[in-house]
Amino acid sequence: MPDSQLPSEHPVMIGIGEYRVGSFPMMTIGLGSCIGLTLYDPIHKVGAMVHIMLPESANRTDRPGKYADTAVPLLVNELVAVGCKNRSIIAKMTGGACMFEYFGTNLNIGMRNAEKVRQMLNEYHIHLAAEDVGGKVGRSVTFLPDRDGSVTVRRADGTSSNL
Amino acid sequence: MELSTVQADAIQELGNIGAAHAATTLSQMLGSTIEMRVPDVRVVDLARLGEYMGEESAAMVAFELQGEIPHGGYILFYITRESAIRLTNTMLGQTEMNRPLNEMDESALLEVGNIMVSAFLDATAELLGFVMLPSPPALTIDMAHAAMQSLIAVMNGETNEVLLFSTELVCEEHKIDSDIILMPETNTLQKIVKKLENIMNGN
């Protein structure tokens, strides 16, 4: 869904399994084990953001943004379609936390998500420039393709940092 | 996943009974009256979860539903961070609001969650005739959406919707607002609905 004509005042919310492509501000809130992945091409000044929930699609095709193994090719193809080259795309990844320690390995899906995203980016020769993943902390991410692809991560305690 | 009006009503009634018992235990712990709102049953698309649970800081005590259905979903005691401090202050005889939640608060919250969720599930077991046992509790104090999303991610990955069934419990005297949220897996939901239909048909 290339959507570069939207107004840029309010960030577009990217819900679980959703993705957008364009040069308008985008945002995902409350990432736990989910991953907020952003791809940005500084040459074309266009970006894409996806809110991934699980590592493997297991051949499900209804929501490609929901799974790491389908979300990465999806975003790369969308950017290539508007003229970007894989080698100029910069990736940043946030999330992949483990919010409930007790449930242990059962919930360590966050780590598996992050691992799968790294593997897929590698496969598509996309440079992962920065990541803020893991731990036991929720994160919200704001992505501004219209401002050099800036990525800001905010936490529940109010602190925020640039990625 | 779609619920008929009859099914939604039946689940609401189940929530009434469960939450009433949970409210009683909370009322005893606080020595204060607890009001119970009408249970809210809704099917939420994953992509829209952010409209119900946001970035607000909350304490959540989560339990996996076990027993006759091994991975039956989750039940949570949800309380906003402010209410959580008021709750533990009331229990521990303190008044300071501007403070971080410490280990003492955390064990108090785990205990309250444990007692309330057990009361909820005991009451529903009696009505349904099958047992949903809570796992040991897990606590997180962070963004509500982040915690809920993490639980949903380990539920049935094929569905794009989740049934959120919440009942709000309010203590006006101490300004404490909390929720009990049930997120049943599809198999649990089907079993609950079938049992309730049987009960209503007099079987």
# chains A, B, ... in the order shown; residues from 1 in each chain; ligands from 1
>>> closest_atom_pairs(of="chain B", to="chain A", cutoff="12 Å", atoms="only C-alpha atoms", output="JSON lines")
{"residue": "B:Val44", "atom": "CA", "partner": "A:Ile16", "partner_atom": "CA", "distance": 11.6}
{"residue": "B:Asp45", "atom": "CA", "partner": "A:Ile16", "partner_atom": "CA", "distance": 9.0}
{"residue": "B:Leu46", "atom": "CA", "partner": "A:Ile16", "partner_atom": "CA", "distance": 5.7}
{"residue": "B:Ala47", "atom": "CA", "partner": "A:Gly15", "partner_atom": "CA", "distance": 4.2}
{"residue": "B:Arg48", "atom": "CA", "partner": "A:Gly15", "partner_atom": "CA", "distance": 6.1}
{"residue": "B:Leu49", "atom": "CA", "partner": "A:Gly15", "partner_atom": "CA", "distance": 7.3}
{"residue": "B:Gly50", "atom": "CA", "partner": "A:Gly15", "partner_atom": "CA", "distance": 6.8}
{"residue": "B:Glu51", "atom": "CA", "partner": "A:Gly15", "partner_atom": "CA", "distance": 9.3}
{"residue": "B:Tyr52", "atom": "CA", "partner": "A:Gly30", "partner_atom": "CA", "distance": 11.7}
{"residue": "B:Met53", "atom": "CA", "partner": "A:Gly30", "partner_atom": "CA", "distance": 8.6}
{"residue": "B:Gly54", "atom": "CA", "partner": "A:Gly30", "partner_atom": "CA", "distance": 6.6}
{"residue": "B:Glu55", "atom": "CA", "partner": "A:Gly30", "partner_atom": "CA", "distance": 5.6}
{"residue": "B:Glu56", "atom": "CA", "partner": "A:Ala156", "partner_atom": "CA", "distance": 7.4}
{"residue": "B:Ser57", "atom": "CA", "partner": "A:Ala156", "partner_atom": "CA", "distance": 6.1}
{"residue": "B:Ala58", "atom": "CA", "partner": "A:Ala156", "partner_atom": "CA", "distance": 9.2}
{"residue": "B:Ala59", "atom": "CA", "partner": "A:Met99", "partner_atom": "CA", "distance": 11.4}
{"residue": "B:Met60", "atom": "CA", "partner": "A:Phe100", "partner_atom": "CA", "distance": 9.5}
{"residue": "B:Val61", "atom": "CA", "partner": "A:Phe100", "partner_atom": "CA", "distance": 9.2}
{"residue": "B:Ala62", "atom": "CA", "partner": "A:Phe100", "partner_atom": "CA", "distance": 8.2}
{"residue": "B:Phe63", "atom": "CA", "partner": "A:Phe103", "partner_atom": "CA", "distance": 9.1}
{"residue": "B:Glu64", "atom": "CA", "partner": "A:Phe103", "partner_atom": "CA", "distance": 8.7}
{"residue": "B:His71", "atom": "CA", "partner": "A:Asn106", "partner_atom": "CA", "distance": 11.3}
{"residue": "B:Tyr74", "atom": "CA", "partner": "A:Phe103", "partner_atom": "CA", "distance": 11.5}
{"residue": "B:Arg81", "atom": "CA", "partner": "A:Ala156", "partner_atom": "CA", "distance": 10.7}
{"residue": "B:Pro100", "atom": "CA", "partner": "A:Asp157", "partner_atom": "CA", "distance": 10.3}
{"residue": "B:Leu101", "atom": "CA", "partner": "A:Asp157", "partner_atom": "CA", "distance": 11.9}
{"residue": "B:Ser135", "atom": "CA", "partner": "A:Phe103", "partner_atom": "CA", "distance": 9.4}
{"residue": "B:Pro136", "atom": "CA", "partner": "A:Tyr102", "partner_atom": "CA", "distance": 8.2}
{"residue": "B:Pro137", "atom": "CA", "partner": "A:Tyr102", "partner_atom": "CA", "distance": 7.6}
{"residue": "B:Ala138", "atom": "CA", "partner": "A:Tyr102", "partner_atom": "CA", "distance": 5.4}
{"residue": "B:Leu139", "atom": "CA", "partner": "A:Phe100", "partner_atom": "CA", "distance": 6.4}
{"residue": "B:Thr140", "atom": "CA", "partner": "A:Phe100", "partner_atom": "CA", "distance": 6.1}
{"residue": "B:Ile141", "atom": "CA", "partner": "A:Met99", "partner_atom": "CA", "distance": 8.8}
{"residue": "B:Asp142", "atom": "CA", "partner": "A:Ala156", "partner_atom": "CA", "distance": 5.7}
{"residue": "B:Met143", "atom": "CA", "partner": "A:Ala156", "partner_atom": "CA", "distance": 5.6}
{"residue": "B:Ala144", "atom": "CA", "partner": "A:Gly30", "partner_atom": "CA", "distance": 7.1}
{"residue": "B:His145", "atom": "CA", "partner": "A:Gly30", "partner_atom": "CA", "distance": 4.8}
{"residue": "B:Ala146", "atom": "CA", "partner": "A:Gly32", "partner_atom": "CA", "distance": 4.0}
{"residue": "B:Ala147", "atom": "CA", "partner": "A:Met99", "partner_atom": "CA", "distance": 5.9}
{"residue": "B:Met148", "atom": "CA", "partner": "A:Gly32", "partner_atom": "CA", "distance": 8.1}
{"residue": "B:Gln149", "atom": "CA", "partner": "A:Gly32", "partner_atom": "CA", "distance": 6.3}
{"residue": "B:Ser150", "atom": "CA", "partner": "A:Ser33", "partner_atom": "CA", "distance": 5.2}
{"residue": "B:Leu151", "atom": "CA", "partner": "A:Leu107", "partner_atom": "CA", "distance": 7.6}
{"residue": "B:Ile152", "atom": "CA", "partner": "A:Met53", "partner_atom": "CA", "distance": 9.1}
{"residue": "B:Ala153", "atom": "CA", "partner": "A:Met53", "partner_atom": "CA", "distance": 6.2}
{"residue": "B:Val154", "atom": "CA", "partner": "A:Leu107", "partner_atom": "CA", "distance": 6.5}
{"residue": "B:Met155", "atom": "CA", "partner": "A:Leu107", "partner_atom": "CA", "distance": 10.0}
{"residue": "B:Asn156", "atom": "CA", "partner": "A:Leu54", "partner_atom": "CA", "distance": 11.0}
{"residue": "B:Gly157", "atom": "CA", "partner": "A:Leu54", "partner_atom": "CA", "distance": 7.8}
{"residue": "B:Glu158", "atom": "CA", "partner": "A:Arg60", "partner_atom": "CA", "distance": 7.9}
{"residue": "B:Thr159", "atom": "CA", "partner": "A:Asp62", "partner_atom": "CA", "distance": 10.3}
{"residue": "B:Asn160", "atom": "CA", "partner": "A:Arg63", "partner_atom": "CA", "distance": 8.6}
{"residue": "B:Glu161", "atom": "CA", "partner": "A:Ile16", "partner_atom": "CA", "distance": 10.8}
>>> write_last_selection(atoms="C-alpha atoms", output="mmCIF file, in the first residue's frame")
data_model
loop_
_atom_site.group_PDB
_atom_site.id
_atom_site.type_symbol
_atom_site.label_atom_id
_atom_site.label_comp_id
_atom_site.auth_asym_id
_atom_site.auth_seq_id
_atom_site.Cartn_x
_atom_site.Cartn_y
_atom_site.Cartn_z
ATOM 1 C CA VAL B 44 -10.855 -7.438 18.604
ATOM 2 C CA ASP B 45 -8.852 -7.583 15.402
ATOM 3 C CA LEU B 46 -5.138 -7.774 16.261
ATOM 4 C CA ALA B 47 -4.350 -4.725 14.160
ATOM 5 C CA ARG B 48 -6.839 -2.704 16.265
ATOM 6 C CA LEU B 49 -5.619 -3.853 19.696
ATOM 7 C CA GLY B 50 -3.987 -0.444 20.188
ATOM 8 C CA GLU B 51 -7.435 1.145 20.330
ATOM 9 C CA TYR B 52 -8.247 -0.794 23.507
ATOM 10 C CA MET B 53 -4.843 -1.067 25.141
ATOM 11 C CA GLY B 54 -2.347 1.732 24.720
ATOM 12 C CA GLU B 55 0.939 2.998 26.063
ATOM 13 C CA GLU B 56 -0.437 3.625 29.551
ATOM 14 C CA SER B 57 1.638 2.166 32.332
ATOM 15 C CA ALA B 58 -0.152 -0.643 34.108
ATOM 16 C CA ALA B 59 0.534 -3.550 36.395
ATOM 17 C CA MET B 60 -0.653 -6.841 34.989
ATOM 18 C CA VAL B 61 -0.691 -10.168 36.764
ATOM 19 C CA ALA B 62 -1.140 -12.872 34.149
ATOM 20 C CA PHE B 63 -2.062 -16.527 34.506
ATOM 21 C CA GLU B 64 -2.257 -19.162 31.850
ATOM 22 C CA HIS B 71 -3.340 -24.220 26.981
ATOM 23 C CA TYR B 74 -4.922 -16.291 29.663
ATOM 24 C CA ARG B 81 0.024 2.153 37.695
ATOM 25 C CA PRO B 100 8.414 3.792 42.323
ATOM 26 C CA LEU B 101 6.794 0.407 42.828
ATOM 27 C CA SER B 135 -0.853 -21.256 36.336
ATOM 28 C CA PRO B 136 1.516 -19.559 38.780
ATOM 29 C CA PRO B 137 1.267 -15.799 38.209
ATOM 30 C CA ALA B 138 3.620 -13.626 36.189
ATOM 31 C CA LEU B 139 3.784 -9.894 36.805
ATOM 32 C CA THR B 140 4.780 -7.051 34.560
ATOM 33 C CA ILE B 141 4.533 -3.313 35.155
ATOM 34 C CA ASP B 142 4.880 -1.623 31.802
ATOM 35 C CA MET B 143 2.936 -0.477 28.715
ATOM 36 C CA ALA B 144 -0.420 -2.275 28.655
ATOM 37 C CA HIS B 145 -0.286 -2.943 24.921
ATOM 38 C CA ALA B 146 3.184 -4.475 25.156
ATOM 39 C CA ALA B 147 2.075 -6.980 27.785
ATOM 40 C CA MET B 148 -1.190 -7.946 26.073
ATOM 41 C CA GLN B 149 0.504 -8.264 22.724
ATOM 42 C CA SER B 150 3.096 -10.629 24.204
ATOM 43 C CA LEU B 151 0.390 -12.937 25.529
ATOM 44 C CA ILE B 152 -1.584 -12.858 22.285
ATOM 45 C CA ALA B 153 1.576 -13.760 20.339
ATOM 46 C CA VAL B 154 1.822 -17.099 22.128
ATOM 47 C CA MET B 155 -1.853 -17.939 21.656
ATOM 48 C CA ASN B 156 -3.158 -19.561 18.503
ATOM 49 C CA GLY B 157 -1.124 -17.847 15.772
ATOM 50 C CA GLU B 158 -3.623 -18.619 13.018
ATOM 51 C CA THR B 159 -6.334 -16.306 14.236
ATOM 52 C CA ASN B 160 -6.251 -12.595 13.565
ATOM 53 C CA GLU B 161 -8.769 -11.824 16.285
#
>>> residues_around(residues="Leu196 in chain B", least_positions_apart="2", cutoff="9 Å", atoms="only C-alpha atoms", output="number ranges by chain")
B: 7, 10-11, 14, 127-128, 191-194, 198-201
>>> write_last_selection(atoms="C-alpha atoms", output="PDB file, in the first residue's frame")
ATOM      1  CA  GLN B   7     -23.598 -16.426  23.364  1.00  0.00           C
ATOM      2  CA  ALA B  10     -24.178 -16.038  28.317  1.00  0.00           C
ATOM      3  CA  ILE B  11     -20.502 -15.111  28.565  1.00  0.00           C
ATOM      4  CA  LEU B  14     -20.430 -15.937  33.399  1.00  0.00           C
ATOM      5  CA  LEU B 127     -21.213 -22.792  37.057  1.00  0.00           C
ATOM      6  CA  LEU B 128     -19.620 -24.461  34.043  1.00  0.00           C
ATOM      7  CA  LYS B 191     -16.300 -25.255  25.385  1.00  0.00           C
ATOM      8  CA  ILE B 192     -17.549 -22.400  27.559  1.00  0.00           C
ATOM      9  CA  VAL B 193     -20.229 -21.423  25.040  1.00  0.00           C
ATOM     10  CA  LYS B 194     -21.433 -25.015  24.661  1.00  0.00           C
ATOM     11  CA  ASN B 198     -26.656 -26.494  27.711  1.00  0.00           C
ATOM     12  CA  ILE B 199     -27.309 -24.779  31.019  1.00  0.00           C
ATOM     13  CA  MET B 200     -29.714 -22.316  29.430  1.00  0.00           C
ATOM     14  CA  ASN B 201     -31.558 -25.119  27.661  1.00  0.00           C
TER      15      ASN B 201
END
>>> atom_distance(atom1="CA of Thr167 in chain B", atom2="CA of Ile75 in chain B")
11.5 Å
>>> atom_distance(atom1="CA of Glu115 in chain A", atom2="CA of Asn162 in chain A")
21.8 Å
>>> residues_around(residues="Ile90 in chain A", least_positions_apart="4", cutoff="10 Å", atoms="only C-alpha atoms", output="ChimeraX atom specification")
/A:38-42,47,86,126-130,149
>>> decode(residues="range 52-148 of chain A", atoms="C-alpha atoms", output="CSV table (one decimal), in the first residue's frame")
chain,number,residue,atom,x,y,z
A,52,ILE,CA,5.7,-8.1,13.2
A,53,MET,CA,4.2,-10.5,15.7
A,54,LEU,CA,5.6,-14.0,14.9
A,55,PRO,CA,8.8,-15.4,13.3
A,56,GLU,CA,7.3,-17.9,10.9
A,57,SER,CA,4.2,-17.6,8.6
A,58,ALA,CA,4.0,-21.4,8.1
A,59,ASN,CA,2.5,-20.7,4.6
A,60,ARG,CA,-0.2,-18.4,5.9
A,61,THR,CA,-0.6,-15.6,3.4
A,62,ASP,CA,-3.5,-13.5,4.7
A,63,ARG,CA,-1.4,-11.0,6.7
A,64,PRO,CA,2.2,-11.0,5.4
A,65,GLY,CA,3.1,-8.2,7.8
A,66,LYS,CA,2.4,-10.3,10.8
A,67,TYR,CA,5.4,-12.7,10.3
A,68,ALA,CA,9.1,-12.0,10.0
A,69,ASP,CA,9.7,-14.4,7.1
A,70,THR,CA,7.0,-12.7,4.9
A,71,ALA,CA,7.3,-9.2,6.2
A,72,VAL,CA,10.9,-8.6,5.2
A,73,PRO,CA,10.4,-9.6,1.5
A,74,LEU,CA,7.2,-7.7,1.4
A,75,LEU,CA,8.8,-4.4,2.5
A,76,VAL,CA,11.8,-4.9,0.3
A,77,ASN,CA,9.6,-5.5,-2.7
A,78,GLU,CA,7.5,-2.5,-2.0
A,79,LEU,CA,10.6,-0.2,-1.8
A,80,VAL,CA,12.2,-1.8,-4.9
A,81,ALA,CA,8.9,-1.1,-6.7
A,82,VAL,CA,9.3,2.6,-6.0
A,83,GLY,CA,12.9,2.6,-7.3
A,84,CYS,CA,15.0,1.7,-4.2
A,85,LYS,CA,18.0,-0.6,-4.3
A,86,ASN,CA,18.6,-3.2,-1.7
A,87,ARG,CA,22.1,-1.9,-0.9
A,88,SER,CA,21.0,1.6,-0.2
A,89,ILE,CA,18.2,0.5,2.3
A,90,ILE,CA,18.9,1.0,6.0
A,91,ALA,CA,17.1,-1.2,8.5
A,92,LYS,CA,16.4,-0.5,12.2
A,93,MET,CA,14.7,-2.9,14.5
A,94,THR,CA,13.0,-2.4,17.9
A,95,GLY,CA,11.1,-4.7,20.3
A,96,GLY,CA,11.5,-8.4,20.8
A,97,ALA,CA,11.2,-8.1,24.6
A,98,CYS,CA,10.1,-10.8,27.1
A,99,MET,CA,7.4,-9.1,29.2
A,100,PHE,CA,6.6,-12.0,31.4
A,101,GLU,CA,9.7,-13.7,32.9
A,102,TYR,CA,7.9,-16.5,34.6
A,103,PHE,CA,6.4,-17.9,31.4
A,104,GLY,CA,10.0,-18.3,30.3
A,105,THR,CA,10.9,-20.0,27.1
A,106,ASN,CA,7.2,-20.2,26.2
A,107,LEU,CA,7.2,-16.4,25.8
A,108,ASN,CA,10.6,-16.0,24.5
A,109,ILE,CA,9.1,-15.4,21.1
A,110,GLY,CA,10.6,-11.9,21.2
A,111,MET,CA,14.1,-13.3,20.8
A,112,ARG,CA,13.0,-15.6,18.0
A,113,ASN,CA,11.3,-12.7,16.2
A,114,ALA,CA,14.5,-10.6,16.4
A,115,GLU,CA,16.6,-13.5,15.2
A,116,LYS,CA,14.4,-14.3,12.3
A,117,VAL,CA,14.3,-10.6,11.2
A,118,ARG,CA,18.1,-10.5,11.3
A,119,GLN,CA,18.3,-13.6,9.2
A,120,MET,CA,15.8,-12.4,6.6
A,121,LEU,CA,17.6,-9.0,6.3
A,122,ASN,CA,20.8,-10.8,5.8
A,123,GLU,CA,19.2,-12.9,3.1
A,124,TYR,CA,18.0,-9.8,1.3
A,125,HIS,CA,21.4,-8.0,1.7
A,126,ILE,CA,19.8,-5.2,3.8
A,127,HIS,CA,22.1,-3.4,6.2
A,128,LEU,CA,20.8,-3.5,9.8
A,129,ALA,CA,22.1,-0.2,11.1
A,130,ALA,CA,20.8,-0.2,14.6
A,131,GLU,CA,18.6,-2.3,17.0
A,132,ASP,CA,17.1,-1.9,20.4
A,133,VAL,CA,15.7,-5.3,21.2
A,134,GLY,CA,15.2,-7.8,24.1
A,135,GLY,CA,15.0,-7.1,27.8
A,136,LYS,CA,11.8,-6.9,29.8
A,137,VAL,CA,10.5,-3.6,28.5
A,138,GLY,CA,7.7,-2.3,26.3
A,139,ARG,CA,8.7,0.2,23.5
A,140,SER,CA,6.9,2.6,21.2
A,141,VAL,CA,8.6,3.7,18.0
A,142,THR,CA,8.2,6.8,15.9
A,143,PHE,CA,9.6,6.7,12.4
A,144,LEU,CA,10.1,9.9,10.3
A,145,PRO,CA,11.0,9.1,6.7
A,146,ASP,CA,10.6,12.9,6.0
A,147,ARG,CA,13.4,13.6,8.5
A,148,ASP,CA,16.2,11.5,7.3
